[in-house]
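**Q** Questions regarding the structure given below will be posed in turn.
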2 protein chains.
Amino acid sequence: MIECVRPQLDAVETLFESELKSDLACVNTLIRHVSRFRGKMLRPLLVLLGGKACGEINPAHTVLATVVEMVHMATLVHDDVLDEAELRRKGATINHLRGNEAAVLLGDYLISHSFHLCSSLESQFASRTIGQTTNQVCEGELLQIHNRNNLELDEQTYLQIITRKTAILCAACCLLGAKFAGADDATVENMRQYGLALGTAFQIQDDILDIVGDQTTVGKTLGIDVNKGKLTLPMIHFMRTAPREHRTLLRSLLQGRDADKVERIRNLILPSKSVQYANDRARQWVDTARAALATLPKTEARQTLDAMAEFVIERPM
Amino acid sequence: MIECVRPQLDAVETLFESELKSDLACVNTLIRHVSRFRGKMLRPLLVLLGGKACGEINPAHTVLATVVEMVHMATLVHDDVLDEAELRRKGATINHLRGNEAAVLLGDYLISHSFHLCSSLESQFASRTIGQTTNQVCEGELLQIHNRNNLELDEQTYLQIITRKTAILCAACCLLGAKFAGADDATVENMRQYGLALGTAFQIQDDILDIVGDQTTVGKTLGIDVNKGKLTLPMIHFMRTAPREHRTLLRSLLQGRDADKVERIRNLILPSKSVQYANDRARQWVDTARAALATLPKTEARQTLDAMAEFVIERPM
């Protein structure tokens, strides 16, 4: 499906590695650990397919796709400081290999290189867009830790958090892809809407998996949200709709320190309608994303974007 | 002395605050803690005086001076994750107020806003320079933690660490100040050399104070380098020149966990020639910095830059 941008995707891999190379051996050793975080290349794909769906892609798209992947990697590396995750991508994390300090610095190294690489483009447009985006990503993360252990968190605030911390970067990927392919303003805005909706669906699904997914299948530590006191959509819905005694139980489980806390919350929520509610909301966002593609010419790239929107909510549990 | 750039310095304060303002109350609450880190505004002064000494300063200088202060603040905030310092600027740190996570995110917020603000300038020159600079700052920090507890650290590697982590940002400040005042290439290069030498002297002096300074006078936690296993110039010289039994004692103190470790190392090093050696090296860098100003017209700004070079090694012990 992604064959139409395969050469560019390979070029992103190459540029990613060459940009991070240092003349200091100790830096290169640390950077090698970044590869453990490499995933599905969702964000580079959004830039490349977003461009391809709107016109022709050019060398700037490779640069931009590399930039957004670096930004994303930086958030993952810094999340490791935040989340004390024990597994990610089925491997040891930077954090556990070298301590919090290395994780902070490696994340900083990635974010610095992403901005520097972005500044190599001719116009300031991309730098401004990326800067604006990362400003909001930080705000989303800050809003999230501000609401830690807030058992009254409402759906609106939850949506604000995931919009800023996840969806806005996906929106920027699509916007930049379209803009640098020479798309008109209306098309650029449609692509931005597509990315925003896709990113929102993606994060809702990620949060569902964190509660009810299978650790082996998903391939990273689950139950992180619960352990970190982050209420996500299934729990928010549960706190709004479940019978009083179930709500009281969830409250006390979330506030407690039981060893089998995650397991017990999973078993409490699974039989309720709350996971289905969250699935439905994710589905709505997928539909919104797909609708935003309507005016694009019917190309393989558009078809792939369409399929990607479905894919984000059909990941294995 | 800094009166010739006072209006611009005030404008930097204003821009700094307005740029960091968020529409989220919880972000603003956290940002308020940044003011605890605000210091002597050394880096903004280098941009403004560097510009003024080469010609006229313009609104771009205010932007650039704010950008470099944000970059510097970000490193201080992230250093707090790194260094577990208990005091800085005589106040509680973000880290101790809100935990490591808030410190990581607040630092990210600052670095993101610095790049975004920088991208508001017309040309990419500043973005490229700042990106290149922060790449190297990260490398310096990574090289430093790589050499933690390396009791064989040599002077050359020490110099490489402090050049990257401190001096290069000062160099960039002066370079940008000169460049945006329309200075010719030779002058821009001289200003860069001035900043590089001043920054190096500043960091050597900072490291001396960390061992032999008085906590009340200096106004931040001292002995951090020792506690974090960072060898600095006085210790490096001591390990090279002191009598064998003194070196053995320093080695065992550095490797041990005595409660009065910092005090004992201080008492061991003070009577030696190693603090004087480090002072002499800092003095040489100050002379280099001042020499780089030679071709500038004799203005109040140049005079202030000259005095600043002296000031960095004459801070109260």
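In the structure tokens, chains take the letters A, B, ... in the order shown, each chain's residues start at 1, and ligands count up from 1 in the order shown.
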Here's a check: after a least-squares fit over all in-order C-alpha atoms, write chain B in the frame of chain A, as a tab-separated table (two decimals) with C-alpha atoms, in the first residue's frame.
**A**
chain	number	residue	atom	x	y	z
B	1	MET	CA	-0.01	0.00	0.00
B	2	ILE	CA	2.77	2.44	0.78
B	3	GLU	CA	4.74	1.43	-2.30
B	4	CYS	CA	3.98	4.74	-4.02
B	5	VAL	CA	6.25	6.54	-1.52
B	6	ARG	CA	8.73	3.72	-0.82
B	7	PRO	CA	11.82	5.45	-2.31
B	8	GLN	CA	11.11	8.59	-0.28
B	9	LEU	CA	10.52	6.56	2.86
B	10	ASP	CA	13.89	4.90	2.39
B	11	ALA	CA	15.45	8.33	1.89
B	12	VAL	CA	13.92	9.42	5.22
B	13	GLU	CA	15.62	6.49	6.99
B	14	THR	CA	18.96	7.45	5.44
B	15	LEU	CA	18.61	11.15	6.22
B	16	PHE	CA	17.48	10.39	9.77
B	17	GLU	CA	20.64	8.42	10.42
B	18	SER	CA	23.08	10.76	8.70
B	19	GLU	CA	21.66	13.84	10.45
B	20	LEU	CA	22.09	12.33	13.89
B	21	LYS	CA	25.65	11.18	13.28
B	22	SER	CA	28.18	12.91	15.50
B	23	ASP	CA	31.94	13.28	15.52
B	24	LEU	CA	31.81	12.10	19.14
B	25	ALA	CA	31.84	8.33	19.57
B	26	CYS	CA	29.90	8.46	22.84
B	27	VAL	CA	27.07	10.38	21.18
B	28	ASN	CA	26.86	7.80	18.39
B	29	THR	CA	26.67	4.99	20.93
B	30	LEU	CA	23.72	6.66	22.61
B	31	ILE	CA	22.01	7.45	19.31
B	32	ARG	CA	22.09	3.80	18.37
B	33	HIS	CA	19.51	3.25	21.10
B	34	VAL	CA	17.08	5.54	19.28
B	35	SER	CA	16.48	2.79	16.76
B	36	ARG	CA	14.70	0.85	19.48
B	37	PHE	CA	12.00	3.48	19.39
B	38	ARG	CA	11.59	3.38	15.62
B	39	GLY	CA	8.11	2.30	14.75
B	40	LYS	CA	5.63	2.38	11.94
B	41	MET	CA	6.84	5.72	10.54
B	42	LEU	CA	3.26	6.99	10.71
B	43	ARG	CA	4.22	10.67	10.71
B	44	PRO	CA	6.71	10.53	7.81
B	45	LEU	CA	4.07	8.59	5.86
B	46	LEU	CA	1.55	11.35	6.49
B	47	VAL	CA	3.96	13.95	5.07
B	48	LEU	CA	4.85	11.85	2.02
B	49	LEU	CA	1.37	10.53	1.24
B	50	GLY	CA	-0.15	13.93	2.06
B	51	GLY	CA	2.17	15.45	-0.53
B	52	LYS	CA	1.68	12.71	-3.09
B	53	ALA	CA	-2.11	12.91	-2.76
B	54	CYS	CA	-1.97	16.65	-3.58
B	55	GLY	CA	0.60	16.68	-6.37
B	56	GLU	CA	4.26	15.86	-6.73
B	57	ILE	CA	6.61	15.24	-3.85
B	58	ASN	CA	10.06	16.77	-3.88
B	59	PRO	CA	13.26	16.70	-1.75
B	60	ALA	CA	11.68	19.09	0.79
B	61	HIS	CA	9.18	16.34	1.64
B	62	THR	CA	12.00	13.98	2.59
B	63	VAL	CA	13.44	16.65	4.86
B	64	LEU	CA	10.05	17.40	6.43
B	65	ALA	CA	9.24	13.71	6.92
B	66	THR	CA	12.57	13.25	8.71
B	67	VAL	CA	11.94	16.34	10.85
B	68	VAL	CA	8.55	15.12	12.10
B	69	GLU	CA	9.93	11.67	12.86
B	70	MET	CA	12.68	13.28	14.95
B	71	VAL	CA	10.12	15.38	16.81
B	72	HIS	CA	8.06	12.27	17.47
B	73	MET	CA	11.12	10.29	18.62
B	74	ALA	CA	12.03	13.13	20.98
B	75	THR	CA	8.60	12.95	22.61
B	76	LEU	CA	8.93	9.16	23.01
B	77	VAL	CA	12.39	9.46	24.55
B	78	HIS	CA	11.22	12.19	26.95
B	79	ASP	CA	8.07	10.20	27.69
B	80	ASP	CA	10.40	7.56	29.02
B	81	VAL	CA	11.56	9.99	31.65
B	82	LEU	CA	7.95	10.82	32.25
B	83	ASP	CA	6.43	7.42	32.24
B	84	GLU	CA	9.07	5.13	33.63
B	85	ALA	CA	7.88	2.60	31.11
B	86	GLU	CA	9.68	-0.69	31.36
B	87	LEU	CA	9.26	-1.80	27.84
B	88	ARG	CA	8.73	-0.05	24.59
B	89	ARG	CA	8.89	-1.64	21.22
B	90	LYS	CA	9.76	-4.85	23.07
B	91	GLY	CA	13.21	-3.56	24.01
B	92	ALA	CA	14.97	-1.91	26.89
B	93	THR	CA	14.58	1.85	26.87
B	94	ILE	CA	17.26	4.53	26.92
B	95	ASN	CA	16.03	5.37	30.33
B	96	HIS	CA	16.76	1.96	31.71
B	97	LEU	CA	20.00	1.65	29.83
B	98	ARG	CA	21.56	4.92	30.85
B	99	GLY	CA	19.37	6.70	33.36
B	100	ASN	CA	17.10	9.73	33.23
B	101	GLU	CA	19.89	12.11	32.34
B	102	ALA	CA	20.74	10.33	29.12
B	103	ALA	CA	17.06	10.18	28.18
B	104	VAL	CA	16.63	13.93	28.74
B	105	LEU	CA	19.73	14.74	26.70
B	106	LEU	CA	18.99	12.30	23.91
B	107	GLY	CA	15.50	13.79	23.57
B	108	ASP	CA	17.03	17.27	23.49
B	109	TYR	CA	19.51	16.10	20.87
B	110	LEU	CA	16.65	14.86	18.70
B	111	ILE	CA	14.56	18.01	19.05
B	112	SER	CA	17.56	20.22	18.35
B	113	HIS	CA	18.46	18.25	15.25
B	114	SER	CA	14.87	18.33	14.04
B	115	PHE	CA	14.77	22.13	14.21
B	116	HIS	CA	18.21	22.43	12.66
B	117	LEU	CA	17.28	20.14	9.80
B	118	CYS	CA	14.04	22.06	9.30
B	119	SER	CA	15.95	25.34	9.08
B	120	SER	CA	17.86	23.95	6.10
B	121	LEU	CA	14.75	24.46	3.97
B	122	GLU	CA	14.55	27.64	1.96
B	123	SER	CA	11.51	29.28	3.53
B	124	GLN	CA	10.65	29.78	7.19
B	125	PHE	CA	7.16	28.31	6.69
B	126	ALA	CA	8.07	24.82	7.88
B	127	SER	CA	10.11	26.09	10.85
B	128	ARG	CA	7.18	28.22	11.95
B	129	THR	CA	4.71	25.37	11.57
B	130	ILE	CA	6.91	22.90	13.43
B	131	GLY	CA	7.64	25.45	16.20
B	132	GLN	CA	3.95	26.21	16.62
B	133	THR	CA	3.20	22.51	16.69
B	134	THR	CA	5.81	21.59	19.30
B	135	ASN	CA	4.64	24.52	21.45
B	136	GLN	CA	1.23	22.89	21.53
B	137	VAL	CA	2.57	19.37	22.04
B	138	CYS	CA	4.33	20.63	25.18
B	139	GLU	CA	1.11	22.28	26.36
B	140	GLY	CA	-0.78	19.04	25.84
B	141	GLU	CA	1.75	17.12	27.92
B	142	LEU	CA	1.67	19.79	30.64
B	143	LEU	CA	-2.13	19.76	30.69
B	144	GLN	CA	-1.95	16.00	31.02
B	145	ILE	CA	0.32	15.97	34.05
B	146	HIS	CA	-1.70	18.82	35.57
B	147	ASN	CA	-4.71	16.48	35.44
B	148	ARG	CA	-2.90	13.49	36.83
B	149	ASN	CA	-4.99	11.78	39.49
B	150	ASN	CA	-7.91	14.02	38.58
B	151	LEU	CA	-10.71	11.46	38.77
B	152	GLU	CA	-13.22	14.09	37.66
B	153	LEU	CA	-11.46	14.67	34.31
B	154	ASP	CA	-14.14	15.36	31.70
B	155	GLU	CA	-14.23	14.24	28.09
B	156	GLN	CA	-13.72	17.77	26.77
B	157	THR	CA	-10.45	18.27	28.65
B	158	TYR	CA	-9.33	14.76	27.66
B	159	LEU	CA	-9.96	15.70	24.05
B	160	GLN	CA	-8.00	18.92	24.49
B	161	ILE	CA	-5.06	16.93	25.90
B	162	ILE	CA	-4.92	14.36	23.09
B	163	THR	CA	-5.52	17.00	20.41
B	164	ARG	CA	-2.49	18.97	21.55
B	165	LYS	CA	-0.19	16.13	22.44
B	166	THR	CA	-0.89	13.88	19.44
B	167	ALA	CA	-3.36	15.10	16.83
B	168	ILE	CA	-1.75	18.47	16.11
B	169	LEU	CA	1.54	16.86	15.03
B	170	CYS	CA	-0.33	14.56	12.64
B	171	ALA	CA	-2.23	17.59	11.35
B	172	ALA	CA	1.06	19.45	10.78
B	173	CYS	CA	2.46	16.46	8.85
B	174	CYS	CA	-0.44	16.47	6.41
B	175	LEU	CA	-0.52	20.26	6.15
B	176	LEU	CA	3.20	20.45	5.36
B	177	GLY	CA	2.95	17.56	2.89
B	178	ALA	CA	0.16	19.32	1.00
B	179	LYS	CA	1.68	22.80	1.21
B	180	PHE	CA	5.06	21.69	-0.14
B	181	ALA	CA	3.33	19.86	-2.99
B	182	GLY	CA	1.86	23.21	-4.01
B	183	ALA	CA	-1.73	22.49	-2.97
B	184	ASP	CA	-4.20	25.40	-2.76
B	185	ASP	CA	-5.31	26.74	0.63
B	186	ALA	CA	-8.59	24.80	0.72
B	187	THR	CA	-6.81	21.51	0.04
B	188	VAL	CA	-4.11	22.28	2.60
B	189	GLU	CA	-6.87	22.91	5.16
B	190	ASN	CA	-8.64	19.65	4.24
B	191	MET	CA	-5.41	17.75	4.69
B	192	ARG	CA	-4.84	19.40	8.05
B	193	GLN	CA	-8.35	18.32	9.09
B	194	TYR	CA	-7.62	14.77	7.93
B	195	GLY	CA	-4.45	14.64	10.04
B	196	LEU	CA	-6.15	16.13	13.07
B	197	ALA	CA	-8.99	13.60	12.96
B	198	LEU	CA	-6.68	10.66	12.24
B	199	GLY	CA	-4.39	11.67	15.11
B	200	THR	CA	-7.31	11.94	17.50
B	201	ALA	CA	-8.62	8.50	16.52
B	202	PHE	CA	-5.11	7.09	16.84
B	203	GLN	CA	-4.67	8.39	20.39
B	204	ILE	CA	-8.11	7.23	21.57
B	205	GLN	CA	-7.27	3.77	20.23
B	206	ASP	CA	-3.83	3.87	21.86
B	207	ASP	CA	-5.48	4.71	25.17
B	208	ILE	CA	-8.00	1.89	24.77
B	209	LEU	CA	-5.17	-0.57	24.10
B	210	ASP	CA	-3.34	0.66	27.21
B	211	ILE	CA	-6.24	-0.60	29.33
B	212	VAL	CA	-7.57	-3.64	27.48
B	213	GLY	CA	-4.79	-4.63	25.07
B	214	ASP	CA	-2.59	-7.69	25.28
B	215	GLN	CA	1.00	-6.81	26.16
B	216	THR	CA	2.56	-9.40	23.84
B	217	THR	CA	0.49	-8.31	20.84
B	218	VAL	CA	0.79	-4.57	21.36
B	219	GLY	CA	4.51	-4.84	22.07
B	220	LYS	CA	4.91	-2.22	24.76
B	221	THR	CA	4.18	-1.87	28.45
B	222	LEU	CA	0.46	-1.49	29.04
B	223	GLY	CA	-1.43	-0.08	32.00
B	224	ILE	CA	0.84	2.96	32.03
B	225	ASP	CA	-2.07	5.40	32.07
B	226	VAL	CA	-3.59	3.71	35.10
B	227	ASN	CA	-0.29	3.57	36.91
B	228	LYS	CA	0.38	7.20	36.17
B	229	GLY	CA	-3.07	8.37	37.23
B	230	LYS	CA	-4.06	9.39	33.70
B	231	LEU	CA	-7.76	9.03	33.07
B	232	THR	CA	-8.50	8.04	29.47
B	233	LEU	CA	-11.74	7.88	27.53
B	234	PRO	CA	-12.97	4.44	28.66
B	235	MET	CA	-12.41	5.39	32.31
B	236	ILE	CA	-13.93	8.85	31.86
B	237	HIS	CA	-17.05	7.28	30.34
B	238	PHE	CA	-17.14	4.66	33.07
B	239	MET	CA	-16.98	7.32	35.80
B	240	ARG	CA	-19.93	9.04	34.13
B	241	THR	CA	-22.18	6.08	33.43
B	242	ALA	CA	-21.38	3.01	35.53
B	243	PRO	CA	-23.45	2.08	38.60
B	244	ARG	CA	-22.41	3.98	41.71
B	245	GLU	CA	-20.71	0.99	43.38
B	246	HIS	CA	-18.64	0.28	40.28
B	247	ARG	CA	-17.55	3.92	40.14
B	248	THR	CA	-16.57	3.79	43.81
B	249	LEU	CA	-14.55	0.65	43.11
B	250	LEU	CA	-12.73	2.23	40.15
B	251	ARG	CA	-12.02	5.30	42.24
B	252	SER	CA	-10.48	3.27	45.05
B	253	LEU	CA	-8.51	1.08	42.62
B	254	LEU	CA	-7.09	4.17	40.89
B	255	GLN	CA	-6.17	5.75	44.20
B	256	GLY	CA	-4.75	2.53	45.66
B	257	ARG	CA	-1.48	0.76	45.16
B	258	ASP	CA	-2.60	-2.83	44.60
B	259	ALA	CA	-0.08	-4.92	42.70
B	260	ASP	CA	-2.83	-6.19	40.40
B	261	LYS	CA	-4.41	-2.75	39.99
B	262	VAL	CA	-4.19	-2.69	36.18
B	263	GLU	CA	-5.63	-6.20	35.89
B	264	ARG	CA	-8.53	-5.40	38.22
B	265	ILE	CA	-9.39	-2.16	36.45
B	266	ARG	CA	-9.30	-4.00	33.15
B	267	ASN	CA	-11.70	-6.63	34.49
B	268	LEU	CA	-13.99	-3.95	35.89
B	269	ILE	CA	-14.19	-1.91	32.69
B	270	LEU	CA	-14.26	-4.67	30.07
B	271	PRO	CA	-17.84	-5.88	30.77
B	272	SER	CA	-19.14	-2.27	30.75
B	273	LYS	CA	-20.10	-0.27	27.68
B	274	SER	CA	-17.19	2.12	28.15
B	275	VAL	CA	-14.67	0.44	25.83
B	276	GLN	CA	-17.35	0.28	23.15
B	277	TYR	CA	-18.13	3.96	23.73
B	278	ALA	CA	-14.47	4.87	23.22
B	279	ASN	CA	-14.32	2.65	20.13
B	280	ASP	CA	-17.34	4.47	18.73
B	281	ARG	CA	-15.78	7.85	19.32
B	282	ALA	CA	-12.58	6.71	17.57
B	283	ARG	CA	-14.70	5.43	14.70
B	284	GLN	CA	-16.38	8.85	14.37
B	285	TRP	CA	-12.96	10.50	14.08
B	286	VAL	CA	-11.92	7.98	11.43
B	287	ASP	CA	-15.06	8.85	9.45
B	288	THR	CA	-14.25	12.56	9.80
B	289	ALA	CA	-10.72	11.93	8.58
B	290	ARG	CA	-11.88	9.96	5.57
B	291	ALA	CA	-14.49	12.59	4.69
B	292	ALA	CA	-11.76	15.25	4.57
B	293	LEU	CA	-10.16	13.35	1.67
B	294	ALA	CA	-13.29	13.66	-0.50
B	295	THR	CA	-12.11	16.47	-2.76
B	296	LEU	CA	-8.72	14.94	-3.57
B	297	PRO	CA	-8.12	13.29	-6.94
B	298	LYS	CA	-8.53	9.51	-6.77
B	299	THR	CA	-4.91	8.38	-6.59
B	300	GLU	CA	-3.11	5.50	-4.94
B	301	ALA	CA	-1.84	7.97	-2.30
B	302	ARG	CA	-5.38	9.05	-1.41
B	303	GLN	CA	-6.44	5.42	-1.21
B	304	THR	CA	-3.55	4.71	1.16
B	305	LEU	CA	-4.45	7.67	3.38
B	306	ASP	CA	-8.00	6.36	3.45
B	307	ALA	CA	-6.79	2.89	4.48
B	308	MET	CA	-4.47	4.36	7.10
B	309	ALA	CA	-7.41	6.04	8.81
B	310	GLU	CA	-9.05	2.65	9.12
B	311	PHE	CA	-5.82	1.02	10.23
B	312	VAL	CA	-5.31	3.24	13.27
B	313	ILE	CA	-8.42	1.82	14.95
B	314	GLU	CA	-7.92	-1.72	13.71
B	315	ARG	CA	-4.57	-2.36	15.32
B	316	PRO	CA	-4.31	-5.72	17.07
B	317	MET	CA	-5.55	-5.70	20.65
**Q** What residues in segment 159-190 of chain B get the DSSP label alpha helix (DSSP H)? Please answer as a VMD selection string.
**A** chain B and resid 159 to 162 168 to 179 185 to 190
